[in-house]
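Everything below belongs to data_28.cif, which stores mmCIF, C-alpha atoms and all ligand atoms.
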data_final
loop_
_atom_site.label_atom_id
_atom_site.label_comp_id
_atom_site.auth_asym_id
_atom_site.auth_seq_id
_atom_site.Cartn_x
_atom_site.Cartn_y
_atom_site.Cartn_z
CA MET Y 20 21.91 -41.84 -31.37
CA LYS Y 21 19.90 -40.39 -34.21
CA GLU Y 22 17.25 -43.07 -33.65
CA LYS Y 23 17.16 -42.22 -29.99
CA LEU Y 24 16.62 -38.57 -30.83
CA GLU Y 25 13.77 -39.45 -33.18
CA VAL Y 26 12.12 -41.46 -30.41
CA ILE Y 27 12.48 -38.48 -28.06
CA ARG Y 28 10.94 -36.24 -30.71
CA ALA Y 29 7.98 -38.55 -31.41
CA GLU Y 30 7.20 -39.22 -27.77
CA GLY Y 31 7.65 -35.59 -26.82
CA LEU Y 32 5.29 -34.34 -29.50
CA LYS Y 33 2.71 -36.92 -28.46
CA LYS Y 34 2.90 -35.77 -24.82
CA ILE Y 35 2.52 -32.11 -25.83
CA GLU Y 36 -0.49 -32.97 -27.96
CA MET Y 37 -2.18 -34.89 -25.15
CA ALA Y 38 -1.70 -32.15 -22.51
CA THR Y 39 -4.97 -30.87 -21.04
CA SER Y 40 -3.90 -28.14 -18.62
CA LEU Y 41 -1.36 -25.34 -18.29
CA GLU Y 42 0.16 -27.05 -15.25
CA GLU Y 43 0.64 -30.22 -17.26
CA ILE Y 44 2.25 -28.40 -20.17
CA GLU Y 45 4.68 -26.76 -17.76
CA GLU Y 46 5.66 -30.17 -16.41
CA ILE Y 47 6.16 -31.48 -19.97
CA ARG Y 48 8.34 -28.46 -20.77
CA ARG Y 49 10.60 -29.29 -17.81
CA ALA Y 50 10.71 -32.98 -18.71
CA LEU Y 51 11.53 -32.41 -22.40
CA MET Y 52 13.75 -29.36 -22.30
CA GLY Y 53 14.88 -28.91 -18.70
CA LYS Y 54 18.40 -29.44 -17.34
CA LYS Y 55 17.68 -33.07 -16.51
CA SER Y 56 15.93 -33.88 -19.81
CA GLU Y 57 17.24 -36.64 -22.11
CA LEU Y 58 17.76 -34.04 -24.82
CA ASN Y 59 19.97 -31.98 -22.57
CA GLU Y 60 21.98 -35.04 -21.57
CA ILE Y 61 22.67 -35.74 -25.24
CA LEU Y 62 23.72 -32.15 -25.86
CA LYS Y 63 26.08 -32.34 -22.89
CA SER Y 64 27.73 -35.48 -24.22
CA LEU Y 65 28.45 -34.06 -27.70
CA GLY Y 66 32.09 -33.49 -26.75
CA ASN Y 67 32.71 -37.23 -26.77
CA LEU Y 68 31.66 -37.61 -30.42
CA SER Y 69 33.63 -37.26 -33.63
CA ILE Y 70 33.47 -33.84 -35.24
CA ASP Y 71 31.07 -34.87 -38.02
CA LEU Y 72 28.73 -36.74 -35.74
CA ARG Y 73 28.90 -33.93 -33.22
CA LYS Y 74 27.73 -31.50 -35.88
CA GLU Y 75 24.94 -33.76 -37.13
CA ILE Y 76 23.61 -34.65 -33.68
CA GLY Y 77 23.98 -31.04 -32.55
CA ILE Y 78 21.88 -29.78 -35.44
CA LEU Y 79 19.23 -32.46 -34.94
CA SER Y 80 19.04 -31.85 -31.16
CA THR Y 81 18.64 -28.11 -31.65
CA GLU Y 82 15.98 -28.71 -34.26
CA ILE Y 83 14.04 -30.99 -31.88
CA LYS Y 84 14.41 -28.42 -29.12
CA ASN Y 85 13.00 -25.72 -31.39
CA VAL Y 86 10.10 -27.94 -32.45
CA PHE Y 87 9.26 -28.71 -28.82
CA SER Y 88 9.44 -25.05 -27.95
CA SER Y 89 7.08 -23.91 -30.69
CA LYS Y 90 4.65 -26.79 -30.15
CA ILE Y 91 4.54 -26.09 -26.42
CA THR Y 92 3.81 -22.40 -27.08
CA GLU Y 93 1.09 -23.40 -29.55
CA LYS Y 94 -0.47 -25.76 -27.03
CA GLU Y 95 -0.31 -23.14 -24.29
CA GLU Y 96 -2.13 -20.64 -26.46
CA GLU Y 97 -4.71 -23.23 -27.33
CA LEU Y 98 -5.28 -24.07 -23.64
CA LEU Y 99 -5.44 -20.40 -22.68
CA ALA Y 100 -7.95 -19.70 -25.40
CA SER Y 101 -10.14 -22.57 -24.24
CA LEU Y 102 -10.08 -21.13 -20.70
CA SER Y 103 -11.53 -17.84 -21.79
CA VAL Y 104 -14.29 -19.22 -23.97
CA PHE Y 105 -17.68 -18.41 -22.46
CA GLU Y 106 -20.04 -21.31 -22.41
CA HIS Y 107 -22.98 -19.04 -23.00
CA PRO Y 108 -23.08 -15.92 -25.11
CA ILE Y 109 -23.08 -12.72 -23.05
CA ASP Y 110 -26.02 -10.37 -23.24
CA LEU Y 111 -24.48 -6.94 -22.84
CA THR Y 112 -27.90 -5.32 -22.61
CA LEU Y 113 -28.75 -6.96 -19.26
CA PRO Y 114 -28.68 -4.57 -16.27
CA GLY Y 115 -25.59 -4.89 -14.02
CA LYS Y 116 -25.52 -5.88 -10.37
CA LYS Y 117 -25.61 -2.90 -8.03
CA VAL Y 118 -22.58 -2.63 -5.75
CA LEU Y 119 -23.67 -1.64 -2.26
CA ASN Y 120 -21.24 0.82 -0.73
CA GLY Y 121 -20.97 0.81 3.03
CA SER Y 122 -20.71 4.00 5.05
CA LEU Y 123 -19.63 5.05 8.51
CA HIS Y 124 -22.22 4.87 11.26
CA PRO Y 125 -23.55 8.36 12.14
CA ILE Y 126 -22.13 8.02 15.66
CA THR Y 127 -18.71 7.14 14.24
CA GLN Y 128 -18.97 10.16 11.94
CA MET Y 129 -19.78 12.41 14.89
CA CYS Y 130 -16.95 10.91 16.92
CA ASP Y 131 -14.53 11.55 14.04
CA ASP Y 132 -15.76 15.14 13.71
CA LEU Y 133 -15.27 15.73 17.43
CA ASN Y 134 -11.81 14.15 17.29
CA ASP Y 135 -10.91 16.51 14.44
CA ALA Y 136 -12.23 19.50 16.37
CA PHE Y 137 -10.33 18.58 19.54
CA LEU Y 138 -7.14 17.58 17.71
CA SER Y 139 -7.14 21.01 16.04
CA LEU Y 140 -7.13 22.51 19.54
CA GLY Y 141 -4.09 20.48 20.61
CA PHE Y 142 -5.89 17.62 22.41
CA GLU Y 143 -4.74 14.01 22.33
CA VAL Y 144 -7.13 11.08 21.72
CA PHE Y 145 -6.87 8.37 24.38
CA SER Y 146 -8.70 5.07 24.81
CA GLU Y 147 -8.84 2.36 27.44
CA ASP Y 148 -10.48 -1.08 27.65
CA ASP Y 149 -14.25 -1.38 28.03
CA ILE Y 150 -13.69 -3.49 31.16
CA SER Y 151 -12.63 -1.37 34.10
CA SER Y 152 -12.62 -1.75 37.87
CA GLU Y 153 -14.36 -0.34 40.92
CA LYS Y 154 -11.19 1.59 41.69
CA PHE Y 155 -11.21 3.45 38.39
CA VAL Y 156 -14.96 3.95 37.90
CA PHE Y 157 -15.79 4.93 41.51
CA ASP Y 158 -12.96 5.03 44.07
CA ASN Y 159 -10.64 7.34 42.14
CA LEU Y 160 -13.50 9.64 41.23
CA ASN Y 161 -14.50 10.66 44.74
CA PHE Y 162 -17.55 8.42 45.01
CA ALA Y 163 -17.91 7.68 48.73
CA LYS Y 164 -18.05 3.97 49.63
CA ASP Y 165 -21.78 4.21 50.36
CA HIS Y 166 -22.49 6.74 47.63
CA PRO Y 167 -25.90 5.99 46.08
CA ALA Y 168 -24.42 6.58 42.60
CA ARG Y 169 -22.65 3.23 42.93
CA GLN Y 170 -26.10 1.69 42.81
CA MET Y 171 -27.64 4.44 40.69
CA MET Y 172 -25.29 3.74 37.84
CA ASP Y 173 -26.64 0.19 37.65
CA THR Y 174 -23.28 -1.15 36.75
CA TYR Y 175 -22.74 -4.53 35.10
CA TRP Y 176 -20.28 -6.24 37.45
CA LEU Y 177 -18.30 -9.17 36.09
CA SER Y 178 -19.32 -12.40 37.73
CA GLY Y 179 -16.68 -13.94 39.94
CA THR Y 180 -15.42 -10.56 41.15
CA GLU Y 181 -18.48 -9.50 43.24
CA ASN Y 182 -16.77 -10.11 46.57
CA LYS Y 183 -13.56 -8.40 45.60
CA GLN Y 184 -12.68 -4.76 45.92
CA ALA Y 185 -11.04 -1.85 44.15
CA ASN Y 186 -8.74 -2.94 41.32
CA GLU Y 187 -9.94 -6.55 41.49
CA ARG Y 188 -13.66 -5.86 41.30
CA LEU Y 189 -14.25 -5.69 37.57
CA CYS Y 190 -17.12 -4.19 35.59
CA LEU Y 191 -18.15 -2.95 32.19
CA ARG Y 192 -17.43 0.74 32.62
CA PRO Y 193 -20.64 2.68 33.37
CA HIS Y 194 -19.02 5.95 32.27
CA LEU Y 195 -15.75 7.06 30.73
CA THR Y 196 -14.45 9.28 33.50
CA GLY Y 197 -12.26 6.55 34.99
CA ALA Y 198 -10.09 6.78 31.87
CA SER Y 199 -9.13 10.34 32.83
CA VAL Y 200 -7.29 9.26 35.98
CA ARG Y 201 -5.74 6.35 34.08
CA TYR Y 202 -4.33 8.83 31.55
CA LEU Y 203 -3.13 11.29 34.21
CA LEU Y 204 -1.38 8.52 36.19
CA LYS Y 205 0.46 7.54 33.03
CA HIS Y 206 1.22 10.92 31.49
CA GLY Y 207 1.01 13.44 34.35
CA ALA Y 208 0.08 17.10 33.96
CA PRO Y 209 -0.37 19.47 32.16
CA ALA Y 210 -2.67 17.46 29.92
CA ARG Y 211 -5.46 17.96 27.44
CA PHE Y 212 -7.06 14.86 26.02
CA VAL Y 213 -10.32 13.25 24.89
CA TYR Y 214 -11.37 9.65 25.43
CA PRO Y 215 -14.34 8.46 23.38
CA GLY Y 216 -15.88 5.03 23.89
CA ARG Y 217 -18.78 2.77 24.71
CA VAL Y 218 -20.25 2.61 28.20
CA TYR Y 219 -22.70 0.14 29.73
CA ARG Y 220 -25.64 0.55 32.12
CA ASN Y 221 -28.15 -1.94 33.32
CA GLU Y 222 -31.15 0.25 32.47
CA ASP Y 223 -34.63 -0.13 31.06
CA VAL Y 224 -34.44 0.64 27.36
CA ASP Y 225 -36.69 3.41 26.07
CA SER Y 226 -36.55 6.12 23.39
CA GLY Y 227 -33.96 8.08 25.37
CA HIS Y 228 -31.99 5.29 27.07
CA GLU Y 229 -29.89 2.40 25.89
CA ARG Y 230 -27.94 -0.28 27.78
CA ALA Y 231 -24.78 0.38 25.81
CA PHE Y 232 -24.10 3.78 24.39
CA PHE Y 233 -21.28 6.07 23.39
CA GLN Y 234 -19.80 8.83 25.42
CA TYR Y 235 -17.19 11.34 24.57
CA GLU Y 236 -15.29 12.97 27.35
CA ALA Y 237 -12.61 15.63 27.41
CA LEU Y 238 -10.37 16.89 30.18
CA ILE Y 239 -7.93 19.74 30.45
CA VAL Y 240 -5.57 19.83 33.40
CA ASP Y 241 -3.28 22.79 33.79
CA LYS Y 242 -2.16 25.34 36.34
CA ASN Y 243 -4.62 27.98 35.33
CA VAL Y 244 -7.83 26.58 33.84
CA SER Y 245 -10.68 28.96 34.48
CA PHE Y 246 -14.34 28.15 34.41
CA SER Y 247 -14.84 30.57 31.51
CA SER Y 248 -12.17 28.85 29.44
CA GLY Y 249 -14.27 25.68 29.81
CA ILE Y 250 -17.31 27.45 28.35
CA VAL Y 251 -15.26 28.92 25.51
CA LEU Y 252 -13.98 25.44 24.72
CA ILE Y 253 -17.48 23.92 24.66
CA LYS Y 254 -18.79 26.63 22.36
CA ALA Y 255 -15.79 26.32 20.06
CA ILE Y 256 -16.21 22.55 19.78
CA LEU Y 257 -19.96 22.67 19.15
CA GLU Y 258 -19.54 25.37 16.53
CA LYS Y 259 -16.82 23.39 14.76
CA VAL Y 260 -19.05 20.31 14.72
CA PHE Y 261 -22.29 22.01 13.70
CA GLY Y 262 -20.77 24.76 11.58
CA CYS Y 263 -22.89 27.54 13.06
CA GLU Y 264 -23.08 29.65 16.20
CA ILE Y 265 -24.46 27.64 19.10
CA LYS Y 266 -26.03 29.07 22.23
CA VAL Y 267 -25.14 27.20 25.40
CA ARG Y 268 -26.33 27.59 28.97
CA MET Y 269 -25.11 26.06 32.17
CA ARG Y 270 -27.11 24.90 35.11
CA GLU Y 271 -25.83 23.64 38.41
CA GLY Y 272 -25.30 19.90 38.40
CA PHE Y 273 -23.84 17.49 40.87
CA PHE Y 274 -21.31 14.79 40.05
CA PRO Y 275 -18.85 13.48 42.62
CA PHE Y 276 -15.81 14.03 40.42
CA VAL Y 277 -16.40 17.78 39.87
CA GLU Y 278 -16.68 20.77 42.18
CA PRO Y 279 -18.50 22.84 41.05
CA GLY Y 280 -20.39 20.73 38.50
CA TYR Y 281 -22.67 21.80 35.67
CA GLU Y 282 -25.25 20.53 33.25
CA ILE Y 283 -24.50 22.11 29.94
CA ASP Y 284 -27.37 22.61 27.51
CA MET Y 285 -27.30 23.74 23.91
CA GLU Y 286 -30.09 25.48 22.11
CA CYS Y 287 -32.17 23.00 20.09
CA LEU Y 288 -31.05 23.29 16.49
CA VAL Y 289 -34.15 21.59 15.14
CA CYS Y 290 -36.51 24.34 16.32
CA LYS Y 291 -33.94 27.10 17.06
CA GLY Y 292 -35.14 27.25 20.64
CA LYS Y 293 -38.85 27.53 19.88
CA GLY Y 294 -39.68 24.05 21.21
CA CYS Y 295 -40.23 20.77 19.35
CA LYS Y 296 -40.52 17.02 19.88
CA VAL Y 297 -36.73 16.54 19.87
CA CYS Y 298 -36.16 19.04 22.72
CA LYS Y 299 -39.33 17.99 24.52
CA HIS Y 300 -40.70 21.46 23.79
CA ASN Y 301 -38.37 23.43 26.01
CA GLY Y 302 -35.98 24.72 23.34
CA TRP Y 303 -32.82 23.33 25.01
CA ILE Y 304 -31.06 19.98 24.79
CA GLU Y 305 -29.03 18.63 27.64
CA VAL Y 306 -25.83 17.59 25.90
CA MET Y 307 -23.14 17.38 28.49
CA PRO Y 308 -22.40 17.43 32.13
CA GLY Y 309 -19.08 18.91 33.11
CA GLY Y 310 -17.26 21.00 35.65
CA VAL Y 311 -14.08 21.70 37.50
CA ILE Y 312 -12.14 18.58 38.48
CA HIS Y 313 -12.54 17.69 42.17
CA PRO Y 314 -9.37 17.97 44.31
CA ASN Y 315 -9.78 14.35 45.42
CA VAL Y 316 -9.70 13.18 41.80
CA LEU Y 317 -6.47 15.11 41.27
CA LYS Y 318 -5.08 13.37 44.35
CA SER Y 319 -6.07 9.97 42.89
CA ALA Y 320 -4.01 10.93 39.85
CA ASN Y 321 -1.05 11.82 42.10
CA LEU Y 322 -1.42 15.53 41.34
CA ASN Y 323 -1.34 18.31 43.89
CA PRO Y 324 -4.73 20.11 43.95
CA ASP Y 325 -3.02 23.31 45.16
CA GLU Y 326 -0.94 23.30 42.02
CA TRP Y 327 -3.25 21.91 39.33
CA THR Y 328 -6.82 22.42 38.25
CA GLY Y 329 -8.90 21.21 35.34
CA PHE Y 330 -12.19 21.09 33.49
CA TYR Y 331 -14.25 18.08 32.43
CA ILE Y 332 -16.72 17.92 29.57
CA ASN Y 333 -18.74 14.77 29.01
CA ILE Y 334 -20.46 14.87 25.64
CA GLY Y 335 -23.49 12.69 24.99
CA LEU Y 336 -22.51 11.60 21.52
CA GLU Y 337 -25.90 10.20 20.57
CA ARG Y 338 -27.63 13.38 21.72
CA LEU Y 339 -25.46 15.39 19.36
CA VAL Y 340 -26.18 13.03 16.48
CA MET Y 341 -29.91 13.20 17.26
CA MET Y 342 -29.54 16.97 17.17
CA ARG Y 343 -27.59 16.95 13.93
CA TYR Y 344 -30.19 14.92 12.07
CA GLY Y 345 -33.35 15.66 14.07
CA VAL Y 346 -33.72 11.99 15.07
CA ASP Y 347 -35.99 11.54 18.10
CA ASP Y 348 -35.43 7.89 19.06
CA ILE Y 349 -32.01 6.87 20.37
CA ARG Y 350 -32.68 3.15 19.74
CA LEU Y 351 -32.57 3.63 15.97
CA PHE Y 352 -28.80 4.13 16.12
CA HIS Y 353 -28.28 0.62 17.44
CA SER Y 354 -31.00 -1.03 15.40
CA ALA Y 355 -28.64 -2.15 12.61
CA ASP Y 356 -31.52 -1.25 10.31
CA LEU Y 357 -30.01 -0.40 6.93
CA ARG Y 358 -33.11 1.56 5.90
CA PHE Y 359 -32.25 3.96 8.74
CA LEU Y 360 -28.44 3.86 8.62
CA SER Y 361 -28.06 4.23 4.85
CA GLN Y 362 -29.52 7.73 5.12
CA PHE Y 363 -26.30 9.01 6.69
CA LYS Y 364 -23.85 8.46 3.85
ZN ZN S 1 -36.42 21.73 19.55
#
Spell out the structure here as structure tokens.
Amino acid sequence: MKEKLEVIRAEGLKKIEMATSLEEIEEIRRALMGKKSELNEILKSLGNLSIDLRKEIGILSTEIKNVFSSKITEKEEELLASLSVFEHPIDLTLPGKKVLNGSLHPITQMCDDLNDAFLSLGFEVFSEDDISSEKFVFDNLNFAKDHPARQMMDTYWLSGTENKQANERLCLRPHLTGASVRYLLKHGAPARFVYPGRVYRNEDVDSGHERAFFQYEALIVDKNVSFSSGIVLIKAILEKVFGCEIKVRMREGFFPFVEPGYEIDMECLVCKGKGCKVCKHNGWIEVMPGGVIHPNVLKSANLNPDEWTGFYINIGLERLVMMRYGVDDIRLFHSADLRFLSQFK
């Protein structure tokens, strides 16, 4: 048995010496010292031996086990050390590689700021899918069947649904307002919520128009929403976003889903109302249409117009960002040009 142990020792040491990787050394450790190793088998069978032999073999086995253990540790350290040896000397004086930090798109930043402003006033943030239907983008919103706005909006209809109607005629939403009825049908009234998102129009692209752009709409529905509370809200939001007092004015505007409707302008912050390229030299920027929710829209949302009223604000997100930074070409925001976008960190 002693001879057998010596063979185990010699072969084991040879294997450890020949090992070339940490995985291999781990395998050798299991084979030489694990539960199923020859050495362990011998140790288990010591009980069958005479007392003297048991002692002798026991001592020798333990000695071999200790030798294996220290040789394996030595080999492991050697392999680890060889892993961390650099093939080439390092020149610590070379300049490092610059890490490019990303940043939020200016429109996302504006959207977040508006969300914060509205959330602080008790509004909820709601979103729906970009694909909507004729029912939600026109029917529910008091657009008559032959209303020219259905063409005016230049909606992208989804192919295959052209001959269908209402809920089954699908489109990329040309505005966000459809989401308001969707929310009201689900949650009922009273309600105060915002619903930011992308909208799509089949338009000619120029410095003021894009085919896909962001809108930001808000709606309050309650029993006693006055027109003046709408104006107070708009001023409060703009002042929270821009951090200064903002002058607003309202002009009459027509949209099927409001009665009465307004175009809401804010004083140009770039020139303080004196006139500049950004405001096309009239001192005011048209930032949002809005108005009192039309009774027919309330009916679409299963609400009684004699009981409920409400106020819409539709914020042109890009316009506000253009105002914030004095940018005069809307296309830059979608250009994915890092020279432009990295200015807004
Ligand atoms: Zn201006």
For Asp173 in chain Y, work out the shell of residues within 10 Å, counting only C-alpha atoms and skipping chain neighbours fewer than 3 positions away, then give it as a PyMOL selection string.
chain Y and resi 168-170+176+193+219-222+230
For a quick check of understanding, using all atoms listed in the file, which of Y:Lys21, Y:Lys74, Y:His206, Y:Arg268 has the smallest distance to Glu282 in chain Y?
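Counting all atoms listed in the file, the residue closest to Glu282 in chain Y is Y:Arg268.
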Shell of 6 Å around ligand ZN 1 (chain S) (only C-alpha atoms and all ligand atoms), written as an MDAnalysis selection string:
chainID Y and resid 287 289:290 292 294:295 297:298 302
Written file, previous selection with C-alpha atoms, as a PDB file, in the coordinates of the input:
ATOM      1  CA  CYS Y 287     -32.170  23.000  20.090  1.00  0.00           C
ATOM      2  CA  VAL Y 289     -34.150  21.590  15.140  1.00  0.00           C
ATOM      3  CA  CYS Y 290     -36.510  24.340  16.320  1.00  0.00           C
ATOM      4  CA  GLY Y 292     -35.140  27.250  20.640  1.00  0.00           C
ATOM      5  CA  GLY Y 294     -39.680  24.050  21.210  1.00  0.00           C
ATOM      6  CA  CYS Y 295     -40.230  20.770  19.350  1.00  0.00           C
ATOM      7  CA  VAL Y 297     -36.730  16.540  19.870  1.00  0.00           C
ATOM      8  CA  CYS Y 298     -36.160  19.040  22.720  1.00  0.00           C
ATOM      9  CA  GLY Y 302     -35.980  24.720  23.340  1.00  0.00           C
TER      10      GLY Y 302
END
Contact residues around Ser248 in chain Y with only C-alpha atoms at 12 Å, ignoring same-chain residues under 3 positions, as a ChimeraX atom specification
/Y:239-241,243-245,251-255,310-311,329-332
In Å to one decimal, how far is CA of Val156 in chain Y from CA of Cys130 in chain Y?
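CA of Val156 in chain Y lies 22.2 Å from CA of Cys130 in chain Y.
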Distance of CA of Lys318 in chain Y from CA of Gln234 in chain Y, expressed in Å to one decimal place
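Computing the Euclidean distance for CA of Gln234 in chain Y and CA of Lys318 in chain Y yields 24.4 Å.
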With all atoms listed in the file counted, which protein, DNA or RNA residues have an atom no more than 10 Å from (27.9, -30.5, -27.1) in the file frame? Please answer as an MDAnalysis selection string.
chainID Y and resid 59:68 73:74 76:77 80
Give me the residues within 7 Å of Ile126 in chain Y as a VMD selection string, counting only C-alpha atoms and dropping any in the same chain fewer than 6 places off.
chain Y and resid 336 to 337 340
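The residue set within 9 Å of Leu123 in chain Y, counting all atoms listed in the file and dropping same-chain residues fewer than 3 places from it, reads Ile126, Thr127, Gln128, Leu360, Phe363 and Lys364 of chain Y.
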Can you work out which one of Y:Pro167, Y:Lys205, Y:Val277, Y:Leu339 has the shortest atom-to-atom distance to Tyr235 in chain Y, counting only C-alpha atoms?
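Counting only C-alpha atoms, the residue closest to Tyr235 in chain Y is Y:Leu339.
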Of the candidates Y:His124, Y:Lys54, Y:His300, Y:Arg188, which shows the shortest atom-to-atom distance to Leu351 in chain Y, using all atoms listed in the file?
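Smallest distance to Leu351 in chain Y is found for Y:His124.
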For a quick check of understanding, using all atoms listed in the file, which of Y:Pro308, Y:Gly262, Y:Pro314, Y:Gly207 has the smallest distance to Gly280 in chain Y?
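The answer is Y:Pro308, which sits nearest to Gly280 in chain Y.
With distances taken from (-5.9, 10.2, 29.9) and restricted to only C-alpha atoms, the residues inside 8 Å are Phe145, Ser146, Ala198, Ser199, Val200, Arg201, Tyr202, Leu203, Leu204, Lys205, His206, Ala210, Phe212, Val213 and Tyr214 of chain Y.
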Given the choices Y:Asn333, Y:Gln362, Y:Ser139, Y:Thr112, which gets closest to Phe274 in chain Y if the distance is worked out from only C-alpha atoms?
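When distances to Phe274 in chain Y are compared using only C-alpha atoms, the smallest one comes from Y:Asn333.
Put simply, CA of Val306 in chain Y is 26.7 Å away from CA of Ala320 in chain Y.
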Could you name the residues that touch Glu46 in chain Y at 12 Å or less, counting all atoms listed in the file, but leaving out those on the same chain fewer than 6 positions away, as a list of chain:residue names?
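The contact residues come out as Y:Gly31, Y:Lys34, Y:Ile35, Y:Ala38, Y:Thr39, Y:Ser40, Y:Met52, Y:Gly53, Y:Ser56, Y:Ile91.
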